[in-house]
Structure formats: structure tokens, C-alpha cells
$ cat data-v1.cif   # mmCIF, C-alpha atoms
data_run
#
loop_
_atom_site.label_atom_id
_atom_site.label_comp_id
_atom_site.auth_asym_id
_atom_site.auth_seq_id
_atom_site.Cartn_x
_atom_site.Cartn_y
_atom_site.Cartn_z
CA MET A 15 61.90 -42.14 23.03
CA ASP A 16 58.72 -41.58 25.01
CA LEU A 17 59.60 -39.12 27.75
CA LYS A 18 56.10 -39.57 29.19
CA LYS A 19 57.40 -42.61 31.01
CA LEU A 20 59.08 -40.09 33.34
CA LEU A 21 55.64 -38.93 34.57
CA PRO A 22 55.74 -40.83 37.90
CA CYS A 23 59.12 -39.28 38.75
CA GLY A 24 58.17 -35.61 38.94
CA ARG A 25 55.34 -33.15 39.39
CA ILE A 26 53.21 -31.40 36.80
CA ILE A 27 53.15 -27.59 36.55
CA VAL A 28 50.60 -25.83 34.35
CA PHE A 29 51.13 -22.45 32.63
CA LYS A 30 48.58 -20.20 30.91
CA LYS A 31 49.36 -18.67 27.53
CA GLY A 32 51.63 -15.66 28.00
CA GLU A 33 52.89 -16.62 31.45
CA ILE A 34 56.63 -16.58 32.06
CA VAL A 35 57.88 -20.06 32.86
CA LYS A 36 61.47 -19.03 33.64
CA TYR A 37 63.39 -15.79 33.48
CA GLN A 38 66.74 -15.45 31.72
CA ASP A 39 69.59 -16.05 34.22
CA GLU A 40 67.33 -17.80 36.72
CA PRO A 41 69.17 -20.84 38.17
CA ILE A 42 68.17 -24.20 36.68
CA GLU A 43 67.18 -26.27 39.69
CA ASP A 44 65.17 -29.05 38.10
CA VAL A 45 64.89 -30.89 34.82
CA LEU A 46 61.84 -29.53 32.98
CA VAL A 47 60.07 -31.54 30.30
CA LEU A 48 57.46 -29.84 28.11
CA LEU A 49 54.57 -32.32 27.87
CA GLU A 50 51.86 -30.24 26.17
CA GLY A 51 51.62 -26.79 24.62
CA THR A 52 54.32 -24.58 23.11
CA LEU A 53 57.02 -22.48 24.71
CA LYS A 54 58.78 -19.49 23.25
CA THR A 55 62.28 -18.45 24.17
CA GLU A 56 63.44 -14.86 24.02
CA HIS A 57 66.82 -13.33 24.70
CA VAL A 58 67.06 -10.06 26.61
CA SER A 59 70.19 -8.08 25.76
CA GLU A 60 72.07 -5.68 28.04
CA ASN A 61 70.22 -2.68 26.67
CA GLY A 62 66.87 -4.35 27.30
CA ARG A 63 66.00 -5.30 23.74
CA THR A 64 64.09 -8.58 23.54
CA LEU A 65 64.73 -10.95 20.67
CA GLU A 66 62.59 -14.00 19.97
CA ILE A 67 64.90 -16.98 19.57
CA ASP A 68 63.06 -20.22 19.22
CA GLU A 69 59.96 -22.31 19.83
CA ILE A 70 59.91 -25.45 21.95
CA LYS A 71 57.40 -28.14 21.01
CA PRO A 72 56.41 -31.14 23.15
CA VAL A 73 57.75 -33.60 24.22
CA GLN A 74 61.15 -32.02 24.91
CA ILE A 75 63.56 -31.31 27.75
CA ILE A 76 63.95 -27.54 28.21
CA ALA A 77 67.48 -26.09 27.93
CA SER A 78 68.95 -29.61 28.14
CA GLY A 79 72.46 -28.42 27.31
CA PHE A 80 72.58 -26.05 30.28
CA ILE A 81 71.14 -28.20 33.06
CA PHE A 82 74.44 -29.75 34.18
CA SER A 83 76.82 -26.88 33.54
CA SER A 84 78.77 -25.57 36.52
CA GLU A 85 76.46 -22.65 37.28
CA PRO A 86 73.31 -23.68 35.47
CA ARG A 87 71.08 -20.77 34.48
CA PHE A 88 68.38 -20.35 31.86
CA PRO A 89 70.03 -18.61 28.90
CA VAL A 90 66.76 -17.01 27.80
CA ASN A 91 63.29 -16.10 29.00
CA VAL A 92 60.94 -19.04 28.58
CA VAL A 93 57.35 -17.96 27.92
CA ALA A 94 54.24 -20.09 27.42
CA GLY A 95 53.16 -19.58 23.79
CA GLU A 96 49.90 -21.36 24.61
CA ASN A 97 48.50 -23.15 27.66
CA SER A 98 51.25 -25.60 28.54
CA LYS A 99 51.99 -28.51 30.83
CA ILE A 100 55.47 -29.11 32.18
CA LEU A 101 56.91 -32.03 34.11
CA SER A 102 59.46 -31.00 36.74
CA ILE A 103 61.95 -33.63 37.96
CA SER A 104 64.68 -33.00 40.53
CA LYS A 105 68.21 -33.30 39.14
CA GLU A 106 69.12 -35.99 41.65
CA VAL A 107 66.17 -38.14 40.63
CA PHE A 108 66.96 -37.51 36.96
CA LEU A 109 70.58 -38.65 37.49
CA ASP A 110 69.29 -41.82 39.19
CA LEU A 111 67.10 -42.44 36.14
CA LEU A 112 70.02 -41.89 33.73
CA MET A 113 72.05 -44.49 35.62
CA LYS A 114 69.24 -47.03 35.55
CA ASP A 115 67.90 -46.49 32.03
CA ARG A 116 70.44 -46.83 29.20
CA GLU A 117 67.88 -45.71 26.61
CA LEU A 118 67.18 -42.51 28.56
CA LEU A 119 70.91 -41.89 29.06
CA LEU A 120 71.58 -42.23 25.33
CA PHE A 121 68.56 -40.07 24.50
CA PHE A 122 69.72 -37.30 26.84
CA LEU A 123 73.34 -37.39 25.65
CA LYS A 124 72.15 -37.29 22.05
CA ASP A 125 69.76 -34.44 22.79
CA VAL A 126 72.47 -32.31 24.39
CA SER A 127 75.02 -33.22 21.70
CA GLU A 128 72.67 -32.39 18.82
CA HIS A 129 72.05 -28.94 20.28
CA PHE A 130 75.78 -28.53 20.73
CA ARG A 131 76.46 -29.53 17.13
CA VAL A 132 73.93 -27.06 15.73
CA VAL A 133 75.23 -24.18 17.84
CA SER A 134 78.87 -25.02 17.03
CA GLU A 135 78.19 -25.20 13.31
CA LYS A 136 76.51 -21.80 13.40
CA LEU A 137 79.47 -20.38 15.29
CA PHE A 138 82.00 -21.84 12.82
CA PHE A 139 79.93 -20.47 9.98
CA LEU A 140 79.83 -17.01 11.53
CA THR A 141 83.49 -16.81 12.42
CA THR A 142 85.16 -18.37 9.41
CA LYS A 143 83.49 -16.61 6.50
CA THR A 144 83.29 -13.02 5.40
CA LEU A 145 79.87 -11.43 5.07
CA ARG A 146 80.09 -11.73 1.28
CA GLU A 147 80.85 -15.44 1.48
CA LYS A 148 78.08 -16.03 4.01
CA LEU A 149 75.52 -14.30 1.83
CA MET A 150 76.49 -16.06 -1.44
CA ASN A 151 76.58 -19.36 0.43
CA PHE A 152 73.10 -18.71 1.80
CA LEU A 153 71.71 -17.72 -1.63
CA VAL A 154 73.18 -20.76 -3.41
CA ARG A 155 71.88 -23.05 -0.71
CA HIS A 156 68.34 -21.64 -0.94
CA MET A 157 67.98 -21.17 -4.74
CA ASN A 158 65.87 -23.58 -6.80
CA GLU A 159 66.97 -25.30 -10.02
CA LYS A 160 66.18 -22.09 -11.94
CA ARG A 161 68.67 -20.37 -9.61
CA GLU A 162 65.85 -18.29 -8.12
CA LEU A 163 64.76 -17.79 -4.54
CA THR A 164 62.50 -15.67 -2.37
CA LEU A 165 64.28 -14.64 0.81
CA PRO A 166 62.69 -16.76 3.56
CA VAL A 167 63.47 -14.17 6.23
CA THR A 168 63.63 -10.38 6.48
CA LEU A 169 66.90 -8.49 5.97
CA GLU A 170 66.83 -7.76 9.69
CA GLU A 171 66.71 -11.45 10.53
CA LEU A 172 69.31 -12.32 7.91
CA SER A 173 71.74 -9.74 9.26
CA ARG A 174 71.27 -11.24 12.72
CA LEU A 175 71.97 -14.70 11.34
CA PHE A 176 75.16 -13.36 9.78
CA GLY A 177 76.16 -11.39 12.86
CA CYS A 178 76.29 -8.05 11.07
CA ALA A 179 74.37 -4.79 10.95
CA ARG A 180 71.50 -4.44 8.46
CA PRO A 181 73.11 -1.59 6.47
CA ALA A 182 76.27 -3.70 6.01
CA LEU A 183 74.16 -6.51 4.58
CA SER A 184 72.30 -4.13 2.24
CA ARG A 185 75.67 -2.88 0.99
CA VAL A 186 76.83 -6.40 0.17
CA PHE A 187 73.56 -7.06 -1.71
CA GLN A 188 74.21 -3.92 -3.75
CA GLU A 189 77.81 -4.94 -4.45
CA LEU A 190 76.78 -8.39 -5.65
CA GLU A 191 74.14 -6.85 -7.91
CA ARG A 192 76.55 -4.27 -9.33
CA GLU A 193 79.16 -6.96 -10.02
CA GLY A 194 76.61 -9.11 -11.84
CA TYR A 195 76.39 -11.99 -9.36
CA ILE A 196 72.71 -11.53 -8.60
CA GLU A 197 69.54 -9.75 -9.72
CA LYS A 198 67.28 -8.57 -6.91
CA HIS A 199 63.66 -7.40 -6.95
CA GLY A 200 62.50 -6.95 -3.34
CA ARG A 201 62.78 -10.35 -1.73
CA ARG A 202 63.01 -12.22 -5.05
CA ILE A 203 66.56 -12.97 -6.12
CA LYS A 204 68.13 -14.65 -9.12
CA VAL A 205 71.68 -15.94 -8.90
CA LEU A 206 73.40 -15.17 -12.22
CA LYS A 207 76.92 -16.47 -11.62
CA ASP A 208 77.77 -19.45 -9.49
CA PRO A 209 80.46 -18.32 -7.11
CA LEU A 210 81.38 -21.92 -6.35
CA GLU A 211 82.83 -22.08 -9.87
CA HIS A 212 85.46 -19.64 -8.63
CA ASP A 213 88.18 -20.38 -6.18
CA ARG A 214 87.24 -17.63 -3.82
CA ILE A 215 84.30 -15.26 -3.89
CA MET B 17 87.96 -35.86 38.68
CA ASP B 18 90.88 -38.13 37.85
CA LEU B 19 90.14 -39.53 34.41
CA LYS B 20 93.22 -41.75 34.75
CA LYS B 21 91.03 -44.22 36.61
CA LEU B 22 89.64 -45.08 33.18
CA LEU B 23 93.03 -46.53 32.14
CA PRO B 24 92.05 -50.20 32.54
CA CYS B 25 88.98 -49.67 30.30
CA GLY B 26 90.68 -48.76 27.01
CA ARG B 27 93.86 -48.90 25.02
CA ILE B 28 96.68 -46.37 24.76
CA ILE B 29 97.60 -44.79 21.42
CA VAL B 30 100.75 -42.71 21.03
CA PHE B 31 101.22 -39.83 18.57
CA LYS B 32 104.40 -38.02 17.58
CA LYS B 33 104.47 -34.22 17.40
CA GLY B 34 102.87 -33.09 14.14
CA GLU B 35 100.95 -36.31 13.48
CA ILE B 36 97.26 -36.03 12.67
CA VAL B 37 95.18 -37.72 15.33
CA LYS B 38 91.83 -37.30 13.58
CA TYR B 39 90.69 -35.57 10.41
CA GLN B 40 87.80 -33.13 10.32
CA ASP B 41 84.55 -34.99 9.46
CA GLU B 42 85.99 -38.38 10.41
CA PRO B 43 83.35 -40.39 12.34
CA ILE B 44 83.80 -40.45 16.12
CA GLU B 45 83.88 -44.14 16.96
CA ASP B 46 85.45 -44.12 20.40
CA VAL B 47 85.79 -41.86 23.40
CA LEU B 48 89.30 -40.37 23.32
CA VAL B 49 90.97 -39.03 26.46
CA LEU B 50 94.17 -37.01 26.15
CA LEU B 51 96.48 -38.31 28.91
CA GLU B 52 99.78 -36.60 28.07
CA GLY B 53 101.00 -34.00 25.58
CA THR B 54 99.08 -31.27 23.78
CA LEU B 55 96.67 -31.39 20.84
CA LYS B 56 95.83 -28.60 18.46
CA THR B 57 92.54 -28.30 16.65
CA GLU B 58 92.21 -26.62 13.26
CA HIS B 59 89.20 -25.96 11.11
CA VAL B 60 89.40 -26.50 7.37
CA SER B 61 86.95 -24.32 5.43
CA GLU B 62 85.32 -25.16 2.08
CA ASN B 63 87.97 -23.27 0.15
CA GLY B 64 90.74 -25.16 1.93
CA ARG B 65 91.88 -22.44 4.32
CA THR B 66 93.04 -23.82 7.67
CA LEU B 67 92.33 -21.91 10.83
CA GLU B 68 93.81 -22.82 14.20
CA ILE B 69 91.00 -23.00 16.74
CA ASP B 70 92.15 -24.28 20.09
CA GLU B 71 94.59 -26.25 22.19
CA ILE B 72 93.65 -29.31 24.22
CA LYS B 73 95.62 -29.96 27.40
CA PRO B 74 95.61 -33.19 29.43
CA VAL B 75 93.64 -34.74 31.04
CA GLN B 76 90.60 -34.10 28.86
CA ILE B 77 88.01 -35.87 26.75
CA ILE B 78 88.38 -34.87 23.10
CA ALA B 79 85.33 -33.34 21.35
CA SER B 80 83.13 -34.46 24.26
CA GLY B 81 80.11 -32.52 23.00
CA PHE B 82 80.06 -34.35 19.67
CA ILE B 83 80.59 -37.97 20.74
CA PHE B 84 76.91 -38.82 21.23
CA SER B 85 75.33 -36.68 18.51
CA SER B 86 73.29 -38.51 15.87
CA GLU B 87 76.06 -38.67 13.26
CA PRO B 88 79.12 -38.06 15.37
CA ARG B 89 82.05 -36.59 13.43
CA PHE B 90 85.12 -34.64 14.48
CA PRO B 91 84.32 -30.97 13.82
CA VAL B 92 88.00 -30.10 13.26
CA ASN B 93 91.38 -31.64 12.47
CA VAL B 94 93.06 -32.82 15.65
CA VAL B 95 96.86 -32.61 15.44
CA ALA B 96 99.48 -33.60 18.02
CA GLY B 97 101.15 -30.34 19.13
CA GLU B 98 103.79 -32.43 20.89
CA ASN B 99 104.33 -36.13 21.54
CA SER B 100 101.02 -37.21 23.02
CA LYS B 101 99.35 -40.18 24.67
CA ILE B 102 95.66 -40.87 24.17
CA LEU B 103 93.37 -43.35 25.87
CA SER B 104 90.74 -44.82 23.53
CA ILE B 105 87.59 -46.33 25.08
CA SER B 106 84.72 -47.84 23.10
CA LYS B 107 81.44 -45.93 23.40
CA GLU B 108 79.62 -48.98 24.72
CA VAL B 109 82.16 -49.48 27.50
CA PHE B 110 82.05 -45.74 28.27
CA LEU B 111 78.24 -45.86 28.57
CA ASP B 112 78.55 -48.80 30.96
CA LEU B 113 80.96 -46.72 33.04
CA LEU B 114 78.61 -43.71 33.07
CA MET B 115 75.82 -45.91 34.39
CA LYS B 116 78.00 -47.36 37.13
CA ASP B 117 79.90 -44.26 38.22
CA ARG B 118 77.79 -41.26 39.27
CA GLU B 119 80.88 -39.07 39.64
CA LEU B 120 81.96 -39.84 36.07
CA LEU B 121 78.42 -39.26 34.76
CA LEU B 122 78.24 -35.85 36.45
CA PHE B 123 81.75 -35.00 35.25
CA PHE B 124 80.90 -35.87 31.66
CA LEU B 125 77.55 -34.05 31.68
CA LYS B 126 79.24 -31.00 33.16
CA ASP B 127 82.06 -31.16 30.63
CA VAL B 128 79.67 -31.25 27.68
CA SER B 129 77.41 -28.59 29.19
CA GLU B 130 80.27 -26.19 29.90
CA HIS B 131 81.40 -26.41 26.28
CA PHE B 132 77.82 -25.86 25.20
CA ARG B 133 77.47 -22.81 27.42
CA VAL B 134 80.66 -21.21 26.08
CA VAL B 135 79.71 -21.81 22.46
CA SER B 136 76.14 -20.59 23.01
CA GLU B 137 77.30 -17.42 24.71
CA LYS B 138 79.66 -16.66 21.83
CA LEU B 139 76.82 -17.24 19.38
CA PHE B 140 74.41 -14.98 21.30
CA PHE B 141 77.12 -12.35 21.45
CA LEU B 142 77.74 -12.55 17.71
CA THR B 143 74.12 -12.51 16.66
CA THR B 144 72.58 -9.99 19.02
CA LYS B 145 74.98 -7.07 18.78
CA THR B 146 76.04 -4.82 15.97
CA LEU B 147 79.73 -4.66 15.12
CA ARG B 148 80.01 -1.29 16.82
CA GLU B 149 78.49 -2.65 20.04
CA LYS B 150 80.70 -5.74 19.93
CA LEU B 151 83.84 -3.66 19.56
CA MET B 152 83.00 -1.15 22.32
CA ASN B 153 81.99 -4.02 24.58
CA PHE B 154 85.32 -5.74 23.90
CA LEU B 155 87.33 -2.56 24.52
CA VAL B 156 85.55 -1.73 27.79
CA ARG B 157 85.98 -5.29 28.98
CA HIS B 158 89.73 -5.29 28.25
CA MET B 159 90.70 -1.77 29.36
CA ASN B 160 92.57 -1.18 32.63
CA GLU B 161 91.61 1.35 35.32
CA LYS B 162 93.29 4.07 33.24
CA ARG B 163 90.89 3.11 30.45
CA GLU B 164 93.81 1.92 28.33
CA LEU B 165 94.49 -1.37 26.63
CA THR B 166 96.79 -3.03 24.14
CA LEU B 167 94.81 -5.19 21.72
CA PRO B 168 95.54 -8.79 22.78
CA VAL B 169 94.93 -10.11 19.27
CA THR B 170 95.49 -8.92 15.69
CA LEU B 171 92.76 -7.09 13.76
CA GLU B 172 92.47 -10.22 11.62
CA GLU B 173 91.71 -12.36 14.68
CA LEU B 174 89.41 -9.75 16.16
CA SER B 175 87.36 -9.55 12.98
CA ARG B 176 87.03 -13.34 13.04
CA LEU B 177 85.85 -13.18 16.64
CA PHE B 178 83.23 -10.63 15.63
CA GLY B 179 82.21 -12.50 12.50
CA CYS B 180 83.00 -9.64 10.14
CA ALA B 181 85.55 -8.75 7.47
CA ARG B 182 88.75 -6.95 8.51
CA PRO B 183 88.05 -3.77 6.48
CA ALA B 184 84.64 -3.44 8.16
CA LEU B 185 86.32 -3.61 11.56
CA SER B 186 88.94 -1.02 10.56
CA ARG B 187 86.13 1.27 9.47
CA VAL B 188 84.39 0.99 12.85
CA PHE B 189 87.69 1.76 14.61
CA GLN B 190 88.00 4.91 12.48
CA GLU B 191 84.39 5.90 13.22
CA LEU B 192 84.87 5.53 16.96
CA GLU B 193 88.08 7.58 16.79
CA ARG B 194 86.43 10.29 14.69
CA GLU B 195 83.47 10.51 17.06
CA GLY B 196 85.77 10.84 20.06
CA TYR B 197 85.04 7.50 21.72
CA ILE B 198 88.61 6.23 21.50
CA GLU B 199 92.19 7.23 20.73
CA LYS B 200 94.20 4.63 18.84
CA HIS B 201 97.95 4.34 18.25
CA GLY B 202 98.65 1.02 16.58
CA ARG B 203 97.48 -1.64 19.01
CA ARG B 204 97.37 0.75 21.98
CA ILE B 205 93.93 2.18 22.62
CA LYS B 206 92.50 4.64 25.13
CA VAL B 207 88.76 4.69 25.77
CA LEU B 208 87.70 8.35 26.14
CA LYS B 209 83.94 8.03 26.61
CA ASP B 210 82.22 5.19 28.38
CA PRO B 211 79.48 3.97 26.07
CA LEU B 212 77.74 2.19 28.93
CA GLU B 213 76.80 5.64 30.24
CA HIS B 214 74.59 5.92 27.17
CA ASP B 215 71.46 4.00 26.51
CA ARG B 216 72.58 2.71 23.18
CA ILE B 217 75.92 3.01 21.42
#
$ encode --input "data-v1.cif" --output "C-alpha cells"
Amino acid sequence: MDLKKLLPCGRIIVFKKGEIVKYQDEPIEDVLVLLEGTLKTEHVSENGRTLEIDEIKPVQIIASGFIFSSEPRFPVNVVAGENSKILSISKEVFLDLLMKDRELLLFFLKDVSEHFRVVSEKLFFLTTKTLREKLMNFLVRHMNEKRELTLPVTLEELSRLFGCARPALSRVFQELEREGYIEKHGRRIKVLKDPLEHDRI
Amino acid sequence: MDLKKLLPCGRIIVFKKGEIVKYQDEPIEDVLVLLEGTLKTEHVSENGRTLEIDEIKPVQIIASGFIFSSEPRFPVNVVAGENSKILSISKEVFLDLLMKDRELLLFFLKDVSEHFRVVSEKLFFLTTKTLREKLMNFLVRHMNEKRELTLPVTLEELSRLFGCARPALSRVFQELEREGYIEKHGRRIKVLKDPLEHDRI
């Protein structure tokens, strides 16, 4: 759907590369649509560490899943990755539009639901598998037909994906190598045994 | 909001205790509203293990966050925990209602967004903290003013919450005890040092 048709309903705000568009925990007062440019989102943890989460490309509604929650706040810092143009629409006007435009309503519901599905799947994945299972699952999913892969992310990033500490992940790599499941040279890995042939890794 | 006003728009389906309402991965064709009874949701993993996830109490829309995703499927088995009554409304009719009834539209958007917020927060929690941080955070959050607590869940459940294996969690408990952060007798724990006084656990 072409969100640019919403242009007459809001006002344009322009951000220079590097400017902060919204701070984490700032209330969400309007519906923001990225029209041009790129935004980066970063999560600030309690101890002040900043973690880059995602990139937002145009044309997209920012933080769509949070806008209508009971105390809507931005879950992350939103930073302009390059010069960017954002359309800001008041929530009341946006609700009016949803009630008038079935296509927009379906688009918005789908947008929110898709984000929800992705986040839920990640959460299920994280909470229902052991670290060993997660890692083998990841390797099998990323290996080519020769059962080889080059890790697409750093160990640091992988451990974050798996919700564990980096040393714990390194230990599991070593275990799998010792037990003959994989061969590892830096980031290049060969899967020797297919764990899916077994009942339980 | 009283979802019972939707009664004239759908049909009632009745389930006996123990009956399966929907299977995991079954397409979501209609909007289902639990009117009476209790539903349980359980996740079936690749290796066939079943894990109880949640309880749904009336009056509530079932799997609201998934209904309008691009390939909507139930993310879990839905089982009747007791004799239950469900209202089934076609998606098209439900969309018509959303466009006519601002209160219902806001209710539904809020419902989906609240679920999204909870799931996102859990995911952030899981992916941005080390196991040690997660555990100390959990203990501090659950301790009373005497800095004592009784673990509200089993180690098995706690390790699932933290996305780690049970032995890894036991090891961290032992570490924290050895380093004088906690005292542990079975499920009763006393927090001796407050880790929030330190910059980084």
C-alpha cells in the first residue's frame, strides 16, 4: 500500500543524519511514518550500554506495534541514519482514517501482526530450546548443500540472538567439535553429523 | 469493553473440558472470542515436547495478535481447560465492525499492542542481559524488604524463562552463592549484596 496518500493528513518533520528522532521511553503521541531516509533503532539497557537493534527503511510506520498500547512509549532510541523525512499524524486523525479506509485498516493490522509474529517466534525459539539445540538448529539452517557455512554474524551477536553469554556459546561450539558434530576453522564451519537424524540432540 | 455486544455477529461453538479447540499451525480463519470457560495454550516443539504456555480467561479474543498477519496460523495448541463457549465471527464481518465502532477498534488495537509490548519486553530482556544479570535482576525484583524470597517457579521453569539450560542456571546459582551475593536453602533465597549498587554485575 502507498502510505504517501496519508501526506495531506499530517505534517512533515525533517531530521539530519545523526539526530535523535525519539528517545527510548518517550511517550508515543503521534503516528510517525518514515517517508525518506533511514532510521536506526538502539536499545539502552539499565547499565547504560547501547545496542543497535534494527534499521527502518521507507515507507514504514515507526513502532507500529506500540502506538496503541495502554501507555505507549518508544521501546528504543530512534536515530536518523541519514537525512530523513517523517510524516507525523495525530492518533485521532489516524483512527478516523482507519475507520474510513478498509485498505489502510488491513495494512495497519497486518503490519502490527507481522511484527508480533516475528517477535513471538523469536521468543518461543529462545525459551523452548537449550543452547545446544539452538546452535545446531542455526547451523543446519544456514549450511549449504555441502554442509558448510560461514557464520553470518559474530559470536557476540550470535550469543545475543540465543540469549546467552559469549563464553557459554564458545563452550558449546567446543563440545560439538569434540563430539564430532562439527569442524570449525574461525568462522567457517562444516556440519559432520546431522542432528535431525537423531531424536534429540 | 463488553465484547458480548458482538454476540449477534457470529455463531457460538461449545467445547467440553479437554477438547482441542485449535491445533498449532492451523490457519486462523475467524475471530474467536472466549465467552465462558477457560482455555489453555500449549506449544509443541519440533521434537514433540509439549509445553504449557498460558491460560485464557473470558471474555477475550483468542490469539488477537496473529489474526491479521500475512499467513495467520495459531501459534500454539488451544485446549479447553473446562467446558467453554466461544463466539466465532468471520474476519470480514469483524473488519466491518472495526470500521463502524471506534470503541471496538481502539479496544482491538490496544489488545494486540499490549500483547506485543509484553512479548517484546521479554525478548529484550532475554537478549540484552547475561544469565547472571537476568538471575540477579529476577531475585532483586522478587525479594521482600528482608531481602528474602521463595522461588515462585521451579529451576526448570526459571531456566526456560531465561532461555538457558537448567545446569547452566544451577551453575550461576552456585557462583553467586560462592561469591557471597546470595544464600540459598532449597527454594528459599536471601540476597546478601545488592548488585544494583555496583556498576555491572
$ residues_around --input "data-v1.cif" --residues "Thr146 of chain B" --least-positions-apart "5" --cutoff "12 Å" --atoms "all atoms listed in the file" --output "mmCIF file with C-alpha atoms, in the frame of the given file"
data_model
loop_
_atom_site.group_PDB
_atom_site.id
_atom_site.type_symbol
_atom_site.label_atom_id
_atom_site.label_comp_id
_atom_site.auth_asym_id
_atom_site.auth_seq_id
_atom_site.Cartn_x
_atom_site.Cartn_y
_atom_site.Cartn_z
ATOM 1 C CA SER A 59 70.190 -8.080 25.760
ATOM 2 C CA GLU A 170 66.830 -7.760 9.690
ATOM 3 C CA SER A 173 71.740 -9.740 9.260
ATOM 4 C CA ARG A 174 71.270 -11.240 12.720
ATOM 5 C CA LEU A 175 71.970 -14.700 11.340
ATOM 6 C CA PHE A 176 75.160 -13.360 9.780
ATOM 7 C CA GLY A 177 76.160 -11.390 12.860
ATOM 8 C CA CYS A 178 76.290 -8.050 11.070
ATOM 9 C CA ALA A 179 74.370 -4.790 10.950
ATOM 10 C CA ARG A 180 71.500 -4.440 8.460
ATOM 11 C CA PRO A 181 73.110 -1.590 6.470
ATOM 12 C CA ALA A 182 76.270 -3.700 6.010
ATOM 13 C CA LEU A 183 74.160 -6.510 4.580
ATOM 14 C CA PHE B 140 74.410 -14.980 21.300
ATOM 15 C CA PHE B 141 77.120 -12.350 21.450
ATOM 16 C CA LEU B 151 83.840 -3.660 19.560
ATOM 17 C CA MET B 152 83.000 -1.150 22.320
ATOM 18 C CA ASN B 153 81.990 -4.020 24.580
ATOM 19 C CA PHE B 178 83.230 -10.630 15.630
ATOM 20 C CA GLY B 179 82.210 -12.500 12.500
ATOM 21 C CA CYS B 180 83.000 -9.640 10.140
ATOM 22 C CA ALA B 184 84.640 -3.440 8.160
ATOM 23 C CA LEU B 185 86.320 -3.610 11.560
ATOM 24 C CA VAL B 188 84.390 0.990 12.850
ATOM 25 C CA ARG B 216 72.580 2.710 23.180
ATOM 26 C CA ILE B 217 75.920 3.010 21.420
#
$ interface_residues --input "data-v1.cif" --of "chain B" --to "chain A" --cutoff "7 Å" --atoms "only C-alpha atoms" --output "ChimeraX atom specification"
/B:63,81-82,84-86,115-116,125-126,129-130,132-133,135-136,139,142-144,146-147,176-181,215-216
$ residues_around --input "data-v1.cif" --residues "segment 49-52 of chain B" --least-positions-apart "5" --cutoff "12 Å" --atoms "only C-alpha atoms" --output "PyMOL selection string"
chain B and resi 18-23+25-33+37+71-80+83+94-106+110+124
$ atom_distance --input "data-v1.cif" --atom1 "atom CA of Arg203 of chain B" --atom2 "atom CA of Glu149 of chain B"
19.0 Å
$ atom_distance --input "data-v1.cif" --atom1 "atom CA of Pro43 of chain B" --atom2 "atom CA of Val92 of chain B"
11.3 Å
$ residues_around --input "data-v1.cif" --residues "Lys209 of chain B" --least-positions-apart "3" --cutoff "8 Å" --atoms "all atoms listed in the file" --output "MDAnalysis selection string"
chainID B and resid 196:198
$ atom_distance --input "data-v1.cif" --atom1 "atom CA of Lys148 of chain A" --atom2 "atom CA of Val167 of chain A"
14.9 Å
$ resolve_selection --input "data-v1.cif" --expression "the PyMOL selection byres ((chain A and resi 198) around 12)" --output "list in words"
Leu153, Glu162, Leu163, Thr164, Leu165, Ser184, Phe187, Gln188, Glu189, Leu190, Glu191, Arg192, Gly194, Tyr195, Ile196, Glu197, His199, Gly200, Arg201, Arg202, Ile203, Lys204, Val205 and Leu206 of chain A
